[in-house]
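Just data05.cif here, mmCIF, C-alpha atoms and all ligand atoms:
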data_run
loop_
_atom_site.label_atom_id
_atom_site.label_comp_id
_atom_site.auth_asym_id
_atom_site.auth_seq_id
_atom_site.Cartn_x
_atom_site.Cartn_y
_atom_site.Cartn_z
CA MET I 1 -31.54 -5.68 0.04
CA LEU I 2 -29.80 -8.78 -1.37
CA ARG I 3 -29.81 -8.75 -5.16
CA VAL I 4 -30.42 -12.34 -6.29
CA VAL I 5 -30.27 -14.06 -9.67
CA VAL I 6 -32.23 -17.35 -9.73
CA LEU I 7 -31.50 -20.21 -12.14
CA VAL I 8 -34.29 -22.69 -12.97
CA SER I 9 -34.97 -25.67 -15.24
CA GLY I 10 -38.41 -26.84 -14.19
CA SER I 11 -41.83 -25.76 -13.06
CA GLY I 12 -40.35 -23.05 -10.86
CA SER I 13 -42.72 -23.53 -7.93
CA ASN I 14 -39.98 -22.90 -5.38
CA PHE I 15 -38.89 -19.80 -7.28
CA ALA I 16 -42.53 -18.59 -7.38
CA ASP I 17 -42.68 -18.96 -3.60
CA LEU I 18 -39.43 -17.04 -3.19
CA LEU I 19 -40.70 -14.27 -5.44
CA ASP I 20 -43.90 -14.07 -3.43
CA ARG I 21 -41.96 -13.77 -0.18
CA ALA I 22 -39.63 -11.17 -1.66
CA ARG I 23 -42.37 -9.02 -3.12
CA SER I 24 -44.44 -9.12 0.05
CA GLY I 25 -41.41 -8.09 2.11
CA ARG I 26 -41.21 -11.37 4.05
CA VAL I 27 -37.62 -11.93 2.94
CA ALA I 28 -35.18 -9.10 2.28
CA VAL I 29 -34.16 -10.05 -1.24
CA GLU I 30 -34.83 -8.67 -4.69
CA VAL I 31 -34.98 -11.16 -7.56
CA ILE I 32 -33.19 -9.15 -10.25
CA ALA I 33 -33.15 -11.79 -12.99
CA VAL I 34 -34.01 -15.41 -13.75
CA GLY I 35 -32.02 -17.63 -16.08
CA ALA I 36 -32.56 -21.13 -17.43
CA ASP I 37 -30.96 -23.82 -19.55
CA ARG I 38 -34.25 -24.41 -21.38
CA GLU I 39 -37.70 -22.95 -21.84
CA CYS I 40 -39.61 -23.96 -18.71
CA GLY I 41 -42.31 -23.01 -16.25
CA GLY I 42 -39.90 -21.05 -14.07
CA ILE I 43 -38.97 -18.74 -16.94
CA GLU I 44 -42.65 -18.24 -17.78
CA ILE I 45 -43.35 -17.21 -14.20
CA ALA I 46 -40.49 -14.71 -14.28
CA ARG I 47 -41.63 -13.23 -17.59
CA ALA I 48 -45.19 -12.87 -16.31
CA ALA I 49 -43.80 -11.11 -13.23
CA GLY I 50 -41.84 -8.64 -15.37
CA ILE I 51 -38.44 -9.91 -14.22
CA PRO I 52 -35.56 -9.88 -16.73
CA THR I 53 -34.88 -13.40 -18.02
CA PHE I 54 -32.39 -15.25 -20.16
CA VAL I 55 -32.35 -18.75 -21.61
CA GLU I 56 -29.00 -20.30 -22.48
CA PRO I 57 -29.84 -23.75 -23.88
CA PHE I 58 -27.40 -26.41 -22.79
CA ALA I 59 -24.99 -27.49 -25.50
CA PRO I 60 -21.65 -29.23 -25.08
CA PRO I 61 -18.91 -28.55 -24.28
CA ARG I 62 -20.06 -27.95 -20.73
CA GLU I 63 -17.23 -25.49 -20.05
CA ALA I 64 -18.24 -23.09 -22.83
CA TRP I 65 -21.93 -23.30 -21.95
CA SER I 66 -21.12 -22.70 -18.27
CA ASP I 67 -19.06 -19.65 -19.21
CA ARG I 68 -22.04 -18.27 -21.14
CA ILE I 69 -24.33 -18.82 -18.16
CA ALA I 70 -21.78 -17.17 -15.83
CA GLU I 71 -21.48 -14.16 -18.13
CA ARG I 72 -25.24 -13.74 -18.36
CA VAL I 73 -25.50 -13.90 -14.56
CA GLU I 74 -22.57 -11.55 -13.95
CA ALA I 75 -24.12 -8.92 -16.21
CA PHE I 76 -26.75 -8.38 -13.49
CA GLU I 77 -24.10 -7.92 -10.77
CA PRO I 78 -25.94 -10.03 -8.18
CA ASP I 79 -24.93 -10.41 -4.54
CA LEU I 80 -26.06 -14.01 -4.64
CA VAL I 81 -27.05 -16.72 -7.13
CA VAL I 82 -29.69 -19.31 -6.19
CA LEU I 83 -30.10 -22.57 -8.11
CA SER I 84 -33.79 -23.40 -7.73
CA GLY I 85 -34.37 -26.66 -9.54
CA PHE I 86 -31.53 -25.92 -12.00
CA MET I 87 -30.85 -29.41 -13.33
CA ARG I 88 -27.45 -28.93 -14.99
CA LEU I 89 -24.00 -29.05 -13.50
CA LEU I 90 -21.96 -25.91 -14.02
CA SER I 91 -18.24 -26.32 -14.72
CA ALA I 92 -15.88 -25.99 -11.75
CA GLU I 93 -14.54 -22.79 -13.27
CA ALA I 94 -18.01 -21.22 -13.49
CA VAL I 95 -18.78 -22.30 -9.92
CA SER I 96 -15.55 -20.68 -8.71
CA ARG I 97 -16.65 -17.35 -10.22
CA PHE I 98 -19.52 -17.15 -7.71
CA GLU I 99 -18.43 -19.33 -4.80
CA PRO I 100 -19.39 -19.04 -1.99
CA ALA I 101 -22.32 -16.84 -3.08
CA LEU I 102 -23.92 -19.70 -5.05
CA LEU I 103 -26.66 -21.67 -3.27
CA ASN I 104 -28.64 -24.76 -4.19
CA THR I 105 -31.72 -26.38 -2.71
CA HIS I 106 -31.88 -30.15 -2.78
CA PRO I 107 -34.81 -32.49 -2.05
CA ALA I 108 -32.94 -34.83 0.31
CA PHE I 109 -31.06 -34.74 3.60
CA LEU I 110 -27.55 -34.42 2.17
CA PRO I 111 -25.15 -36.15 2.01
CA GLU I 112 -27.91 -38.74 1.53
CA PHE I 113 -29.27 -39.07 -2.02
CA PRO I 114 -27.33 -36.44 -3.99
CA GLY I 115 -27.87 -35.89 -7.70
CA ALA I 116 -30.77 -35.39 -10.05
CA HIS I 117 -33.18 -37.92 -8.47
CA GLY I 118 -33.02 -37.26 -4.75
CA VAL I 119 -36.68 -38.07 -4.13
CA ARG I 120 -36.84 -41.16 -6.35
CA ASP I 121 -33.62 -42.54 -4.85
CA ALA I 122 -34.94 -42.10 -1.29
CA LEU I 123 -38.15 -43.95 -2.15
CA ALA I 124 -36.20 -46.72 -3.88
CA ALA I 125 -34.00 -47.11 -0.81
CA GLY I 126 -37.08 -47.66 1.34
CA VAL I 127 -36.13 -45.10 4.00
CA THR I 128 -38.76 -43.89 6.46
CA GLU I 129 -37.51 -40.32 6.38
CA THR I 130 -35.63 -38.17 3.92
CA GLY I 131 -35.37 -34.40 3.95
CA ALA I 132 -34.48 -31.10 2.37
CA SER I 133 -31.20 -29.20 2.28
CA VAL I 134 -29.82 -25.80 1.32
CA ILE I 135 -26.12 -25.86 0.46
CA ILE I 136 -23.35 -23.71 -0.94
CA VAL I 137 -22.48 -25.09 -4.37
CA ASP I 138 -18.96 -26.36 -4.80
CA SER I 139 -17.45 -28.18 -7.76
CA GLY I 140 -18.91 -31.56 -6.72
CA VAL I 141 -22.43 -32.92 -7.07
CA ASP I 142 -24.34 -31.69 -4.00
CA THR I 143 -21.17 -31.90 -1.87
CA GLY I 144 -20.91 -28.26 -0.74
CA PRO I 145 -21.24 -26.96 2.82
CA ILE I 146 -24.74 -27.46 4.28
CA LEU I 147 -26.38 -24.23 5.46
CA ALA I 148 -29.73 -25.65 6.58
CA GLN I 149 -31.54 -28.96 6.45
CA GLN I 150 -34.61 -30.61 7.88
CA ARG I 151 -36.03 -34.13 7.99
CA VAL I 152 -39.23 -34.97 6.12
CA PRO I 153 -41.05 -38.28 6.83
CA VAL I 154 -41.84 -40.71 4.03
CA LEU I 155 -45.52 -41.59 4.46
CA GLU I 156 -47.24 -44.83 3.54
CA GLY I 157 -48.52 -44.62 -0.02
CA ASP I 158 -46.16 -41.77 -0.96
CA THR I 159 -45.34 -41.50 -4.63
CA GLU I 160 -42.39 -39.54 -5.95
CA ALA I 161 -44.78 -36.67 -6.68
CA THR I 162 -46.50 -36.55 -3.27
CA LEU I 163 -43.23 -36.85 -1.36
CA HIS I 164 -41.55 -34.25 -3.55
CA GLU I 165 -44.36 -31.75 -2.99
CA ARG I 166 -44.07 -32.20 0.79
CA ILE I 167 -40.30 -31.76 0.61
CA LYS I 168 -40.65 -28.60 -1.48
CA LEU I 169 -42.73 -26.98 1.28
CA VAL I 170 -39.77 -27.51 3.60
CA GLU I 171 -37.20 -26.38 1.00
CA ARG I 172 -39.06 -23.06 0.65
CA GLU I 173 -38.95 -22.41 4.39
CA LEU I 174 -35.29 -23.38 4.63
CA LEU I 175 -34.27 -21.20 1.70
CA ALA I 176 -36.17 -18.23 3.12
CA GLU I 177 -34.47 -18.74 6.49
CA VAL I 178 -31.04 -18.91 4.89
CA LEU I 179 -31.62 -15.82 2.76
CA ALA I 180 -32.89 -13.91 5.81
CA GLY I 181 -29.76 -14.98 7.67
CA ILE I 182 -27.48 -13.81 4.87
CA ALA I 183 -29.39 -10.53 4.60
CA ASP I 184 -29.19 -9.79 8.33
CA GLY I 185 -25.58 -10.96 8.66
CA SER I 186 -26.24 -13.92 10.95
CA ILE I 187 -25.03 -16.25 8.18
CA ASP I 188 -21.65 -15.38 6.70
CA LEU I 189 -21.04 -17.49 3.60
CA ALA I 190 -17.28 -17.01 4.01
CA ASP I 191 -17.47 -18.99 7.29
CA HIS I 192 -18.26 -22.25 5.56
CA GLY I 193 -14.97 -23.78 4.63
CA LEU I 194 -14.44 -22.15 1.26
CA GLU I 195 -12.23 -19.31 2.54
CA HIS I 196 -9.24 -20.57 0.61
CA ARG I 197 -10.97 -19.54 -2.58
CA LEU I 198 -11.89 -16.12 -1.25
CA ASP I 199 -8.31 -15.65 -0.12
CA GLN I 200 -6.90 -15.94 -3.60
CA PRO I 201 -5.03 -12.72 -4.33
CA ASP I 202 -6.48 -10.38 -6.89
CA THR I 203 -4.74 -10.46 -10.22
CA ALA I 204 -1.93 -7.92 -10.08
CA PRO I 205 -2.54 -5.01 -12.47
CA GLU I 206 0.44 -5.95 -14.62
CA GLU I 207 -0.98 -9.47 -15.06
CA ALA I 208 -4.40 -8.22 -16.04
CA LYS I 209 -3.29 -6.72 -19.34
C1 LIG N 1 -36.79 -28.75 -6.05
O1 LIG N 1 -37.19 -29.81 -5.23
C2 LIG N 1 -35.28 -28.60 -6.02
O2 LIG N 1 -34.71 -28.82 -4.78
C3 LIG N 1 -34.89 -29.68 -6.98
O3 LIG N 1 -35.78 -29.49 -8.05
C4 LIG N 1 -37.03 -29.07 -7.52
C5 LIG N 1 -37.52 -27.87 -8.30
O4 LIG N 1 -38.91 -27.76 -8.22
N1 LIG N 1 -33.52 -29.58 -7.36
C6 LIG N 1 -32.73 -30.64 -7.53
O5 LIG N 1 -33.13 -31.79 -7.48
C7 LIG N 1 -31.30 -30.32 -7.87
N2 LIG N 1 -30.49 -31.50 -7.77
P1 LIG N 1 -39.66 -26.51 -8.86
O6 LIG N 1 -39.21 -26.37 -10.32
O7 LIG N 1 -41.10 -26.86 -8.72
O8 LIG N 1 -39.27 -25.30 -8.05
#
For the file at hand, write its structure as structure tokens.
Amino acid sequence: MLRVVVLVSGSGSNFADLLDRARSGRVAVEVIAVGADRECGGIEIARAAGIPTFVEPFAPPREAWSDRIAERVEAFEPDLVVLSGFMRLLSAEAVSRFEPALLNTHPAFLPEFPGAHGVRDALAAGVTETGASVIIVDSGVDTGPILAQQRVPVLEGDTEATLHERIKLVERELLAEVLAGIADGSIDLADHGLEHRLDQPDTAPEEAK
């Protein structure tokens, strides 16, 4: 069973779906903790479900805040960390502590429309289709290796809210597929172009003092 820590900032509807799948045995993961950068719906859902939570409010400098988040996550010794609507960028150093076992879902067909407003930006661009993606987080903004993605049509009359809800349905399926693949070994996160980081030698004992 994959032990997963989930980080959220918003309503947490994708996290709630993941939890439902996990608890009903439809995906072989255990959500061992949920963290957030603010009080939010996702944290409320976790508390109501009896899952350990932590809130580490964002405060500059980003590096120190990211270190605090990383420490809170590491305390649970997860196999994997999933950003599920976590709307803050972690420092490159914090990312490197988890890479490649740090995933993010994004409401666009990356590399199209990265960043915090993927749905709004797609609508503003007037495209007829956008999409959903699951990626490994690297130190850039939504630039990491793509593990799964699917197109979603933009329908006439779509608002940001209606389009986003339709994209989230796809994100949930894609994330579940990716997690199932990691759990059954058909997806190896080390195969996705980040090996150089995994290959870094362990600190020699004499250096660790
Ligand atoms: C999801 O669409 C997720 O992909 C997106 O926030 C939403 C969270 O919804 N994340 C990003 O845009 C990250 N750049 P939820 O809180 O209802 O699960």
List all protein, DNA and RNA residues that have an atom no more than 7 Å from any atom of ligand LIG 1 (chain N), counting all atoms listed in the file, and report them as a list in words.
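Protein and nucleic-acid residues within 7 Å of ligand LIG 1 (chain N): Val8, Ser9, Gly10, Ser11, Gly12, Ser13, Asn14, Phe15, Gly42, Ser84, Gly85, Phe86, Met87, Thr105, His106, Pro107, Pro114, Gly115, Ala116, His117, Gly118, His164, Ile167, Lys168 and Glu171 of chain I.
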Atom pair CA of Ala132 in chain I / CA of Val82 in chain I: separation (Å):
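One can read the CA of Ala132 in chain I to CA of Val82 in chain I distance as 15.3 Å.
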May I ask which of the residues I:Ala124, I:Val34, I:Leu174, I:Ala108 is the closest one to Pro153 in chain I, counting only C-alpha atoms?
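Closest candidate: I:Ala108.
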In terms of the shortest atom-to-atom distance over all atoms listed in the file, which of I:Leu89, I:Ala148, I:Met1, I:Val55 is closest to Asp184 in chain I?
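That would be I:Met1, the residue with the smallest distance to Asp184 in chain I.
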I'd like a table as a Markdown table: residues in range 76-108 of chain I with an atom no more than 12 Å from range 20-29 of chain I, each row giving the shortest atom pair and its distance in Å to one decimal, only C-alpha atoms counted, sorted by chain and rising residue number.
| residue | atom | partner | partner_atom | distance |
| --- | --- | --- | --- | --- |
| I:Pro78 | CA | I:Val29 | CA | 10.8 |
| I:Asp79 | CA | I:Val29 | CA | 9.8 |
| I:Leu80 | CA | I:Val29 | CA | 9.6 |
| I:Val81 | CA | I:Val29 | CA | 11.4 |
| I:Val82 | CA | I:Val29 | CA | 11.4 |
Counting all atoms listed in the file, the residue of I:Ser91, I:Ser139, I:Thr130, I:Thr162 that sits nearest Ile69 in chain I
I:Ser91
Give the answer as one residue: which of I:Ser133, I:Ile43, I:Val119, I:Thr128 has the shortest atom-to-atom distance to Glu165 in chain I, using all atoms listed in the file?
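Going through I:Ser133, I:Ile43, I:Val119, I:Thr128 one by one, the smallest distance to Glu165 in chain I is for I:Val119.
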Which of these, I:Phe109, I:Leu169, I:Ile182, I:Val154, has the shortest distance to Val4 in chain I once you count only C-alpha atoms?
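Ranked by minimum distance to Val4 in chain I, first place goes to I:Ile182.
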What's the separation between CA of Ala94 in chain I and CA of Gly50 in chain I, in Å to one decimal place?
27.0 Å
One decimal, Å: what's the distance from CA of Glu44 in chain I over to CA of Glu160 in chain I, could you say?
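Those two atoms sit 24.4 Å apart.
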Which residue gives the smallest distance to Ile146 in chain I among I:Ser96, I:Asn104, I:Ser186, I:Thr159, with only C-alpha atoms counted?
I:Asn104
Centre and size of axis-aligned box enclosing range 126-133 of chain I plus 4 Å each side, as lines of an AutoDock Vina configuration file:
center_x = -35.0
center_y = -38.4
center_z = 3.9
size_x = 15.6
size_y = 26.5
size_z = 13.1
Residue neighbourhood Val31 in chain I, 7 Å, all atoms listed in the file, exclusion window fewer than 6 positions, as JSON, numbers by chain:
{"I": [3, 4, 5, 19]}
Near Val178 in chain I, within 8 Å and counting all atoms listed in the file, which residues show up once chain neighbours fewer than 6 positions away are dropped, as a count of residues only?
4
